[in-house]
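S.K.: My questions will all concern the structure given below.
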Amino acid sequence: MTTNNELTHYKSLVAKLPLLKKEIAKVIVGQREAIDEILISLLASGHCLLEGVPGLAKTLMVKTMSEALHMSFKRIQFTPDLMPGDIVGTEILEEDHETGKKFFKFNKGPLFANVVLADEINRTPPKTQAALLEAMQEKSVTYGGTNYELPGPFLIIATQNPIEQAGTYPLPEAQLDRFLLYIKLSYPDENEELHVLKGTTGSFKPQIDRILSDTEIGDLQKLTRQVHISDELIVWINKLVRASRPEGSPSDFVKEWCDWGAGPRAGQALVLCAKARAVMNERFAVIPEDIQTLAYPVLRHRIAMNFRAEAESITTEQVIAELLRVVKIS
């Protein structure tokens with residue numbers, strides 16, 4: 001049970017979330033939906049995949065968010081020659097100046113930060129991509145038989161470029177499923193782009209105030225788990241996820257165009273993200289709109305289209321829209 005003092009504390013933290021978005025907006029023009037989804041991923045203790053063409057300020061967005069959150073930030077530029085040790089860390093030989101004895105010491109890599117930007121993750125080979133798996137799932141890494149805990153809160157934001165796919169290494173489905181959300185960035189509208197041109201070509205540099213600490217984010221993550229969701233909505237989420245699987249789907253559209261659908265992790269992700277969106281909107285209960293909005297970033301990387309769908313340019317976005325149309329709340 002939550003005490004009155006805890007409830008007051010939680011309400012004070014939730015009230016800071018609009019201030020957090022206001023600080024990020026000092027630097028990032030527009031992209032409100034993407035910023036909301038990154039923060040939802042953080043509150044739900046997950047990780048996100050961010051896709052957008054070059055020049056949409058993906059790196060700046062993540063860096064600004066980490067500054068406003070008073071959290072450590074590291075950026076890793078993924079390249080074809082990057083090795084697992086370059087991100088996890090390596091052992092180095094050191095000498096004790098008092099005894100003269102030599103020993104190995106683990107030198108932590110850039111993965112040991114609260115917010116890690118894995119820039120252009122599809123530019124590096126599978127061996128290095130796989131080094132992120134344990135970190136994403138277990139929030140720890142193992143080196144030389146020793147387990148090292150990563151700092152908490154811990155958020156990996158991986159980016160990938162949807163163009164220039166020659167020489168890239170597409171993420172395997174098993175690793176895609178580890179990402180809580182698949183966020184797509186679009187071009188800014190005309191007024192937003194004009195504001196970017198005016199605001200980024202002068203000498204003024206906005207000061208980012210620190211709104212939330214890592215401890216407060218940890219408290220908000222605990223609160224997210226406590227948000228109420230009705231059994232009716234959980235049943236609806238379960239039906240949505242199961243309907244994405246062609247073999248038992250009530251939708252002929254899914255049966256015709258999909259190879260396979262989302263697994264149970266998708267349902268878990270949708271419940272947690274819906275709770276996090278409720279917190280973002282200063283609510284303590286999930287509503288249907290939360291689920292409808294987040295179905296797209298939760299499911300778009302967990303549904304595989306067949307060859308005919310790719311040939312006909314049928315997308316997962318269309319499949320999700322069809323699922324929301326066909327599967328109704330009981």
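In the structure tokens, chains take the letters A, B, ... in the order shown, each chain's residues start at 1, and ligands count up from 1 in the order shown.
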If you count only C-alpha atoms, which residues fall within 9 Å of Leu82 (chain A), apart from same-chain ones fewer than 6 positions away, as a ChimeraX atom specification?

M.R.: /A:124-125,128

S.K.: At most 12 Å is the cut-off: for each residue in region 124-233 of chain A with any atom that close to an atom of region 314-327 of chain A, write down the nearest atom pair and the distance in Å rounded to one decimal, counting only C-alpha atoms, chain first then increasing number, as a Markdown table.

M.R.:
```
| residue | atom | partner | partner_atom | distance |
| --- | --- | --- | --- | --- |
| A:Tyr182 | CA | A:Glu317 | CA | 11.8 |
| A:Lys184 | CA | A:Glu317 | CA | 11.4 |
| A:Leu233 | CA | A:Val327 | CA | 11.9 |
```

S.K.: Let me make sure I understand: among A:Trp260, A:Phe78, A:Ile38, A:Leu19, which one has the smallest atom-to-atom distance to Glu247 (chain A) if we use only C-alpha atoms?

M.R.: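 With only C-alpha atoms as the atom set, the closest residue is A:Trp260.
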
S.K.: Env of Gln226 (chain A): 9 Å cut, atoms = only C-alpha atoms, seq-sep filter 4 positions within chain, self excluded. Answer as a ChimeraX atom specification.

M.R.: /A:222,275,284

S.K.: Figure out the distance between CA of Arg300 (chain A) and CA of Arg225 (chain A), please, to one decimal in Å.

M.R.: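 Computing the Euclidean distance for CA of Arg225 (chain A) and CA of Arg300 (chain A) yields 23.6 Å.
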
S.K.: Within 9 Å of Thr224 (chain A), counting only C-alpha atoms, which residues qualify if same-chain residues fewer than 4 places away don't, as a ChimeraX atom specification?

M.R.: /A:43-44,219-220,272-273,275-279,284

S.K.: When DSSP works through the backbone of this structure, what residues of region 129-284 of chain A end up as helix (DSSP H, G or I), shown as an MDAnalysis selection string?

M.R.: chainID A and resid 129:138 173:176 190:200 214:226 231:243 246:248 252:257 264:280

S.K.: List the neighbours of region 266-271 of chain A out to 7 Å using only C-alpha atoms; skip same-chain residues closer than 2 positions along the sequence, and give me the result as JSON, numbers by chain.

M.R.: {"A": [180, 237, 238, 241, 262, 263, 264, 273, 274, 275, 291, 294, 295, 298, 299]}

S.K.: Go ahead and write the residues just picked, all heavy atoms, as an mmCIF file, in the first residue's frame.

M.R.:
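File produced: part-v9.cif:
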```cif
data_model
loop_
_atom_site.group_PDB
_atom_site.id
_atom_site.type_symbol
_atom_site.label_atom_id
_atom_site.label_comp_id
_atom_site.auth_asym_id
_atom_site.auth_seq_id
_atom_site.Cartn_x
_atom_site.Cartn_y
_atom_site.Cartn_z
ATOM 1 N N LEU A 180 12.155 -2.049 -26.236
ATOM 2 C CA LEU A 180 10.785 -1.828 -25.783
ATOM 3 C C LEU A 180 9.979 -1.098 -26.854
ATOM 4 O O LEU A 180 8.854 -1.472 -27.162
ATOM 5 C CB LEU A 180 10.798 -1.022 -24.477
ATOM 6 C CG LEU A 180 9.498 -0.921 -23.707
ATOM 7 C CD1 LEU A 180 9.161 -2.255 -23.049
ATOM 8 C CD2 LEU A 180 9.584 0.176 -22.643
ATOM 9 N N ILE A 237 -5.310 -5.954 -24.626
ATOM 10 C CA ILE A 237 -3.913 -6.006 -25.064
ATOM 11 C C ILE A 237 -3.540 -7.421 -25.484
ATOM 12 O O ILE A 237 -2.895 -7.638 -26.524
ATOM 13 C CB ILE A 237 -2.984 -5.504 -23.931
ATOM 14 C CG1 ILE A 237 -3.116 -3.989 -23.769
ATOM 15 C CG2 ILE A 237 -1.525 -5.881 -24.209
ATOM 16 C CD1 ILE A 237 -2.391 -3.420 -22.569
ATOM 17 N N ASN A 238 -3.968 -8.387 -24.690
ATOM 18 C CA ASN A 238 -3.667 -9.792 -25.005
ATOM 19 C C ASN A 238 -4.261 -10.192 -26.356
ATOM 20 O O ASN A 238 -3.620 -10.873 -27.174
ATOM 21 C CB ASN A 238 -4.198 -10.690 -23.892
ATOM 22 C CG ASN A 238 -3.665 -12.104 -23.966
ATOM 23 O OD1 ASN A 238 -2.491 -12.316 -24.255
ATOM 24 N ND2 ASN A 238 -4.524 -13.083 -23.738
ATOM 25 N N VAL A 241 -2.260 -8.513 -29.316
ATOM 26 C CA VAL A 241 -0.989 -9.182 -29.588
ATOM 27 C C VAL A 241 -1.221 -10.530 -30.271
ATOM 28 O O VAL A 241 -0.580 -10.861 -31.274
ATOM 29 C CB VAL A 241 -0.178 -9.352 -28.284
ATOM 30 C CG1 VAL A 241 1.058 -10.228 -28.528
ATOM 31 C CG2 VAL A 241 0.242 -7.992 -27.730
ATOM 32 N N ALA A 262 3.685 -10.838 -33.131
ATOM 33 C CA ALA A 262 4.385 -10.477 -31.893
ATOM 34 C C ALA A 262 4.275 -11.580 -30.845
ATOM 35 O O ALA A 262 3.282 -12.302 -30.783
ATOM 36 C CB ALA A 262 3.801 -9.175 -31.346
ATOM 37 N N GLY A 263 5.302 -11.688 -30.005
ATOM 38 C CA GLY A 263 5.323 -12.659 -28.918
ATOM 39 C C GLY A 263 4.817 -12.049 -27.610
ATOM 40 O O GLY A 263 4.425 -10.876 -27.565
ATOM 41 N N PRO A 264 4.858 -12.837 -26.540
ATOM 42 C CA PRO A 264 4.361 -12.351 -25.240
ATOM 43 C C PRO A 264 5.070 -11.097 -24.734
ATOM 44 O O PRO A 264 4.467 -10.295 -24.006
ATOM 45 C CB PRO A 264 4.620 -13.536 -24.305
ATOM 46 C CG PRO A 264 4.643 -14.734 -25.206
ATOM 47 C CD PRO A 264 5.237 -14.258 -26.491
ATOM 48 N N CYS A 273 4.301 0.294 -21.069
ATOM 49 C CA CYS A 273 4.356 1.590 -21.743
ATOM 50 C C CYS A 273 3.060 2.368 -21.559
ATOM 51 O O CYS A 273 3.084 3.596 -21.427
ATOM 52 C CB CYS A 273 4.658 1.391 -23.222
ATOM 53 S SG CYS A 273 6.353 0.862 -23.539
ATOM 54 N N ALA A 274 1.929 1.673 -21.543
ATOM 55 C CA ALA A 274 0.655 2.344 -21.284
ATOM 56 C C ALA A 274 0.649 2.948 -19.873
ATOM 57 O O ALA A 274 0.166 4.072 -19.659
ATOM 58 C CB ALA A 274 -0.494 1.359 -21.448
ATOM 59 N N LYS A 275 1.202 2.211 -18.917
ATOM 60 C CA LYS A 275 1.315 2.741 -17.558
ATOM 61 C C LYS A 275 2.226 3.965 -17.525
ATOM 62 O O LYS A 275 1.930 4.960 -16.851
ATOM 63 C CB LYS A 275 1.857 1.654 -16.616
ATOM 64 C CG LYS A 275 0.882 0.528 -16.311
ATOM 65 C CD LYS A 275 1.487 -0.446 -15.302
ATOM 66 C CE LYS A 275 0.479 -1.507 -14.868
ATOM 67 N NZ LYS A 275 1.000 -2.361 -13.776
ATOM 68 N N ILE A 291 -3.103 2.817 -24.874
ATOM 69 C CA ILE A 291 -2.826 1.584 -25.610
ATOM 70 C C ILE A 291 -2.868 1.829 -27.117
ATOM 71 O O ILE A 291 -1.986 1.375 -27.862
ATOM 72 C CB ILE A 291 -3.826 0.485 -25.198
ATOM 73 C CG1 ILE A 291 -3.649 0.159 -23.710
ATOM 74 C CG2 ILE A 291 -3.650 -0.774 -26.047
ATOM 75 C CD1 ILE A 291 -4.808 -0.586 -23.090
ATOM 76 N N LEU A 294 0.336 3.753 -28.202
ATOM 77 C CA LEU A 294 1.616 3.050 -28.084
ATOM 78 C C LEU A 294 1.653 1.719 -28.823
ATOM 79 O O LEU A 294 2.715 1.097 -28.902
ATOM 80 C CB LEU A 294 1.943 2.844 -26.604
ATOM 81 C CG LEU A 294 2.318 4.146 -25.891
ATOM 82 C CD1 LEU A 294 2.233 3.995 -24.394
ATOM 83 C CD2 LEU A 294 3.714 4.599 -26.298
ATOM 84 N N ALA A 295 0.536 1.293 -29.385
ATOM 85 C CA ALA A 295 0.529 0.042 -30.152
ATOM 86 C C ALA A 295 1.523 0.115 -31.312
ATOM 87 O O ALA A 295 2.175 -0.883 -31.642
ATOM 88 C CB ALA A 295 -0.878 -0.244 -30.671
ATOM 89 N N VAL A 298 5.315 -0.067 -30.117
ATOM 90 C CA VAL A 298 5.538 -1.355 -29.444
ATOM 91 C C VAL A 298 5.538 -2.509 -30.441
ATOM 92 O O VAL A 298 6.346 -3.439 -30.336
ATOM 93 C CB VAL A 298 4.466 -1.598 -28.345
ATOM 94 C CG1 VAL A 298 4.490 -3.055 -27.881
ATOM 95 C CG2 VAL A 298 4.705 -0.684 -27.152
ATOM 96 N N LEU A 299 4.661 -2.458 -31.442
ATOM 97 C CA LEU A 299 4.461 -3.611 -32.323
ATOM 98 C C LEU A 299 5.191 -3.535 -33.662
ATOM 99 O O LEU A 299 5.394 -4.560 -34.310
ATOM 100 C CB LEU A 299 2.960 -3.803 -32.589
ATOM 101 C CG LEU A 299 2.091 -4.203 -31.394
ATOM 102 C CD1 LEU A 299 0.622 -4.218 -31.794
ATOM 103 C CD2 LEU A 299 2.505 -5.558 -30.848
#
```

S.K.: For Leu17 (chain A), which residue out of A:Val227, A:Leu50, A:Ala158, A:Ile40 is the nearest one, using only C-alpha atoms?

M.R.: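 Closest to Leu17 (chain A) of all the choices is A:Ile40.
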